[in-house]
Amino acid sequence: MTFLVIAYLGGALTILSPCILPILPFVFARAGQPFLRSTLPLLAGMAATFCAVATLAAVGGSWAISANEYGRFGALALLAVFGVALVSPHVASIITRPVVDLGNRLANAAGKPGSMPAVAGSLTLGIATGLLWAPCAGPILGLVLTGAALKGANLETSLLLAAYAAGAVTSLAVAILVGGRVFTAMKRSLGFSERIRQALGAAVLAGVAVIALGLDTGFLAQISYANTASFEQQVLDRLHTTKAPEVETAAADGAATARSSLPIEGKAPSLDGAVEWLNSQPLTREQLHGKVVLVDFWTYSCINCIRTIPYVRAWAEKYRDQGLVVIGVHAPEFAFEKKIDNVRQAVAGFKIDYPVAIDNDYRIWRAFDNSYWPAHYLIDAKGQIRYHHFGEGDYRQTEEAIQDLLREAGSSASATEPVNPQATGAEAGADIGHIRSGETYIGYRQARNFASNEAIRTDMPRDYSVATPALNEWGLSGSWTVGAEAAALDAADGGITYRFNARDLHLVLGPDAAGKPVRFQVTIDGHPPGEDHGADTDAEGNGAITSTRLYQLVRQSGTVEARTFAIRFLDPGVQAYAFTFG
């Protein structure tokens with residue numbers, strides 16, 4: 001029920017996102033019409049179509065993505081006719097009378113009280129709008145889609161997507177009701193309803209153009225990423241915590257201790273689901289009784305997880321002798337992260353010496369009812385969850401909670417200044433103020449903003465080419481096979497181009513199955529990166545892929561601005577998974 005509420009609120013918040021702008025003309029064109037016969041069927045069709053398309057995209061494979069593309073073309077054509085009909089029914093009928101007559105019937109479908117054509121016309125427009133609506137994937141929608149990808153097709157996935165869509169149409173319904181009254185007042189007082197109709201038609205055509213040009217998932221998406229992500233994260237944090245009465249606990253040795261104000265969120269689940277442990281023998285709840293435990297859910301190619309590692313590492317070292325046990329739970333996102341040797345290599349590379357539970361079957365993940373990378377849970381000496389935090393940041397708050405629970409458990413340590421690790425490379429904190437680009441997947445299952453001159457051919461080799469993409473668009477060049485999770489380079493001298501705006505650009509890459517290193521060269525705006533090179537390239541842009549992991553390829557040293565990144569692979573076989581930014 002909590003996640004249904006979160007999904008509903010996330011949908012309701014979409015009206016604040018610039019990504020909603022392209023479809024607003026389609027929706028507000030029905031303002032002033034009878035709500036039950038016009039507005040409600042339109043919104044119902046929009047919600048149902050979005051829910052169906054999002055479900056199929058998450059679990060249905062490449063055929064669902066291809067089908068949705070054809071559906072979008074048809075929806076654009078239908079709504080363009082609708083817009084022309086609003087602007088000038090006379091001119092439109094001269095161009096193509098039968099089709100525009102259909103548009104006029106849809107535009108005026110609410111004219112006959114209680115008529116089925118009125119409901120059917122509005123429902124058709126709603127379905128078309130749902131096919132075109134591509135809400136920005138903020139933290140809440142990301143949570144829903146990640147759950148769908150992890151758990152597959154099930155009732156929970158459908159309910160969460162339906163709740164998200166319901167939240168969106170609720171806020172739109174309120175906006176339409178208010179807008180309808182405004183339009184009615186304007187018509188009555190100003191007497192130019194035809195001009196209002198034409199203005200709405202022009203807005204509809206502008207919305208069609210914005211979507212056809214991909215601006216709804218490019219420019220508008222990056223604005224939304226900067227403006228709404230923090231607000232959504234606050235909603236998640238507030239709704240996830242279950243408050244409980246404060247209690248006075250006892251130290252492990254039975255002595256009276258300070259009472260913590262942290263609430264009890266429930267009994268900590270078992271850690272028995274791990275398929276293997278690194279740096280430790282398997283740990284049980286019985287062994288951990290009397291200790292304060294920090295459980296860190298992470299996966300080794302996740303940039304957000306990588307940036308939290310220096311803090312987790314520092315807490316493990318600083319508070320080890322005071323009774324803190326840090327346990328990393330590695331829950332994979334990509335298939336390559338399920339390979340235990342890959343995780344073992346990453347643990348060594350990150351200099352992690354605390355225990356790591358390999359949760360390839362997501363049994364610990366599900367036991368904690370977790371949905372995030374990274375996620376931190378603090379467990380007190382009695383085995384109760386007392387604190388959680390999702391995502392990056394709030395390090396001081398988390399460390400104060402650690403100190404609080406240690407004192408409650410009987411530690412004599414006083415409050416000290418928080419750790420301040422000197423992180424470098426990809427582990428360094430993000431430049432949040434300048435991030436205008438969001439995580440971008442290359443595999444067709446979650447690919448967006450693809451800008452090559454050729455459409456993606458799923459699971460089959462194809463030659464691609466790309467010019468200079470627009471902001472937050474990317475494209476392939478050379479011969480590639482695009483799979484569900486990654487794209488594989490079939491011949492040497494292929495590349496990837498991305499127009500981005502952030503200080504850091506990272507790309508998750510791996511060699512072929514044989515593990516042969518792949519050489520590459522990076523350019524920024526057509527030139528070697530120089531001082532703007534990342535930790536995994538030199539000033540000339542040269543580097544090599546030796547294992548499957550996240551590679552930092554760009555770190556802008558001066559003013560952060562939009563740049564065109566390009567990487568050319570000198571050898572075949574590379575696997576490219578996802579871009580992230582910092």
# chains A, B, ... in the order shown; residues from 1 in each chain; ligands from 1
call {"tool": "residues_around", "arguments": {"residues": "A:Leu161", "least_positions_apart": "3", "cutoff": "6 Å", "atoms": "only C-alpha atoms", "output": "MDAnalysis selection string"}}
result
chainID A and resid 51 158 164
call {"tool": "write_last_selection", "arguments": {"atoms": "N, CA and C atoms", "output": "PDB file, in the first residue's frame"}}
result
ATOM      1  N   CYS A  51      -0.260   2.746 -19.073  1.00  0.00           N
ATOM      2  CA  CYS A  51      -0.019   1.585 -18.217  1.00  0.00           C
ATOM      3  C   CYS A  51       0.328   0.361 -19.053  1.00  0.00           C
ATOM      4  N   SER A 158       1.666  -4.116 -12.509  1.00  0.00           N
ATOM      5  CA  SER A 158       0.528  -3.476 -13.164  1.00  0.00           C
ATOM      6  C   SER A 158      -0.147  -2.474 -12.230  1.00  0.00           C
ATOM      7  N   TYR A 164       0.496   5.112 -10.775  1.00  0.00           N
ATOM      8  CA  TYR A 164       1.241   6.256 -11.314  1.00  0.00           C
ATOM      9  C   TYR A 164       0.394   7.003 -12.344  1.00  0.00           C
TER      10      TYR A 164
END
call {"tool": "residues_around", "arguments": {"residues": "A:Gly541", "least_positions_apart": "5", "cutoff": "10 Å", "atoms": "only C-alpha atoms", "output": "ChimeraX atom specification"}}
result
/A:520-524,527-530,532-534,536,553-554,567-568
call {"tool": "write_last_selection", "arguments": {"atoms": "C-alpha atoms", "output": "PDB file, in the first residue's frame"}}
result
ATOM      1  CA  PHE A 520      39.429   3.233 -27.589  1.00  0.00           C
ATOM      2  CA  GLN A 521      39.851   6.948 -28.247  1.00  0.00           C
ATOM      3  CA  VAL A 522      37.680   9.736 -26.800  1.00  0.00           C
ATOM      4  CA  THR A 523      37.079  13.192 -28.238  1.00  0.00           C
ATOM      5  CA  ILE A 524      35.131  16.178 -26.899  1.00  0.00           C
ATOM      6  CA  HIS A 527      39.180  17.250 -30.185  1.00  0.00           C
ATOM      7  CA  PRO A 528      41.260  15.254 -27.672  1.00  0.00           C
ATOM      8  CA  PRO A 529      39.976  15.933 -24.130  1.00  0.00           C
ATOM      9  CA  GLY A 530      43.208  17.431 -22.763  1.00  0.00           C
ATOM     10  CA  ASP A 532      38.989  17.409 -19.427  1.00  0.00           C
ATOM     11  CA  HIS A 533      39.938  13.730 -19.606  1.00  0.00           C
ATOM     12  CA  GLY A 534      38.469  11.298 -17.098  1.00  0.00           C
ATOM     13  CA  ASP A 536      40.160   6.110 -17.363  1.00  0.00           C
ATOM     14  CA  LEU A 553      35.766   9.151 -19.628  1.00  0.00           C
ATOM     15  CA  VAL A 554      35.217  12.900 -19.116  1.00  0.00           C
ATOM     16  CA  ILE A 567      34.216   7.401 -28.356  1.00  0.00           C
ATOM     17  CA  ARG A 568      35.736   5.296 -31.141  1.00  0.00           C
TER      18      ARG A 568
END
call {"tool": "closest_residue", "arguments": {"among": "A:Tyr395, A:Tyr300, A:Phe450, A:Tyr362", "to": "A:Ala346", "atoms": "only C-alpha atoms"}}
result
A:Tyr300
call {"tool": "closest_residue", "arguments": {"among": "A:Ala451, A:Ala409, A:Cys302, A:Ala514", "to": "A:Glu427", "atoms": "only C-alpha atoms"}}
result
A:Cys302
call {"tool": "select_by_dssp", "arguments": {"residues": "stretch 294-478 of chain A", "states": "helix (DSSP H, G or I)", "output": "CSV table (one decimal) with C-alpha atoms, in the first residue's frame"}}
result
chain,number,residue,atom,x,y,z
A,303,ILE,CA,27.7,5.5,-10.2
A,304,ASN,CA,25.5,6.5,-7.3
A,305,CYS,CA,26.8,3.5,-5.3
A,306,ILE,CA,30.4,4.2,-6.3
A,307,ARG,CA,30.2,7.7,-5.0
A,308,THR,CA,28.9,6.5,-1.6
A,309,ILE,CA,31.7,3.8,-1.2
A,310,PRO,CA,34.3,6.2,0.3
A,311,TYR,CA,31.9,7.2,3.1
A,312,VAL,CA,30.9,3.6,3.8
A,313,ARG,CA,34.5,2.5,3.8
A,314,ALA,CA,35.4,5.4,6.2
A,315,TRP,CA,32.6,4.5,8.6
A,316,ALA,CA,33.7,0.9,8.7
A,317,GLU,CA,37.2,1.9,9.6
A,318,LYS,CA,36.3,4.6,12.1
A,319,TYR,CA,33.7,2.8,14.1
A,320,ARG,CA,34.8,-0.9,13.8
A,321,ASP,CA,36.4,-0.9,17.3
A,322,GLN,CA,33.3,0.8,18.8
A,335,ALA,CA,23.8,-9.8,-15.9
A,336,PHE,CA,27.5,-9.3,-15.9
A,337,GLU,CA,27.3,-8.1,-12.2
A,338,LYS,CA,26.1,-11.6,-11.3
A,340,ILE,CA,31.1,-13.4,-8.6
A,341,ASP,CA,34.6,-13.1,-10.0
A,342,ASN,CA,33.6,-9.6,-11.4
A,343,VAL,CA,32.3,-8.6,-8.0
A,344,ARG,CA,35.4,-9.9,-6.3
A,345,GLN,CA,37.6,-7.9,-8.6
A,346,ALA,CA,35.4,-4.8,-8.0
A,347,VAL,CA,35.6,-5.2,-4.2
A,348,ALA,CA,39.4,-5.3,-4.5
A,349,GLY,CA,39.5,-2.3,-6.8
A,363,ARG,CA,16.5,-12.8,-1.5
A,364,ILE,CA,18.0,-10.3,0.9
A,365,TRP,CA,16.8,-7.4,-1.3
A,366,ARG,CA,13.2,-8.7,-1.1
A,367,ALA,CA,13.5,-9.5,2.7
A,395,TYR,CA,26.2,11.6,5.0
A,396,ARG,CA,26.4,13.7,8.1
A,397,GLN,CA,22.9,12.6,9.1
A,398,THR,CA,23.7,9.0,8.5
A,399,GLU,CA,26.9,9.2,10.6
A,400,GLU,CA,25.1,10.9,13.4
A,401,ALA,CA,22.6,8.0,13.4
A,402,ILE,CA,25.5,5.6,13.6
A,403,GLN,CA,27.0,7.4,16.6
A,404,ASP,CA,23.5,7.6,18.2
A,405,LEU,CA,23.0,3.8,18.0
A,406,LEU,CA,26.5,3.0,19.1
A,407,ARG,CA,26.0,5.1,22.3
A,408,GLU,CA,22.7,3.4,22.8
A,425,GLY,CA,38.0,9.6,-10.0
A,426,ALA,CA,34.5,8.2,-10.2
A,427,GLU,CA,34.2,8.1,-6.4
A,432,ILE,CA,24.7,18.4,-8.8
A,433,GLY,CA,24.3,22.0,-9.7
A,434,HIS,CA,25.4,21.4,-13.3
call {"tool": "atom_distance", "arguments": {"atom1": "atom CA of A:Gly126", "atom2": "atom CA of A:Leu43"}}
result
5.8 Å
call {"tool": "atom_distance", "arguments": {"atom1": "atom CA of A:Gly393", "atom2": "atom CA of A:Gly510"}}
result
28.7 Å
call {"tool": "closest_residue", "arguments": {"among": "A:Ile435, A:Ile496, A:Ala576, A:Ala206", "to": "A:Tyr464", "atoms": "only C-alpha atoms"}}
result
A:Ile496
call {"tool": "atom_distance", "arguments": {"atom1": "atom CA of A:Asp359", "atom2": "atom CA of A:Asp504"}}
result
29.5 Å
call {"tool": "closest_residue", "arguments": {"among": "A:Phe581, A:Gly495, A:Arg436, A:Tyr354", "to": "A:Ser452", "atoms": "only C-alpha atoms"}}
result
A:Gly495
call {"tool": "select_by_dssp", "arguments": {"residues": "stretch 248-447 of chain A", "states": "strand (DSSP E or B)", "output": "VMD selection string"}}
result
chain A and resid 250 256 266 to 267 276 to 278 292 to 298 324 to 330 356 to 358 375 to 379 384 to 390 440 to 441 447
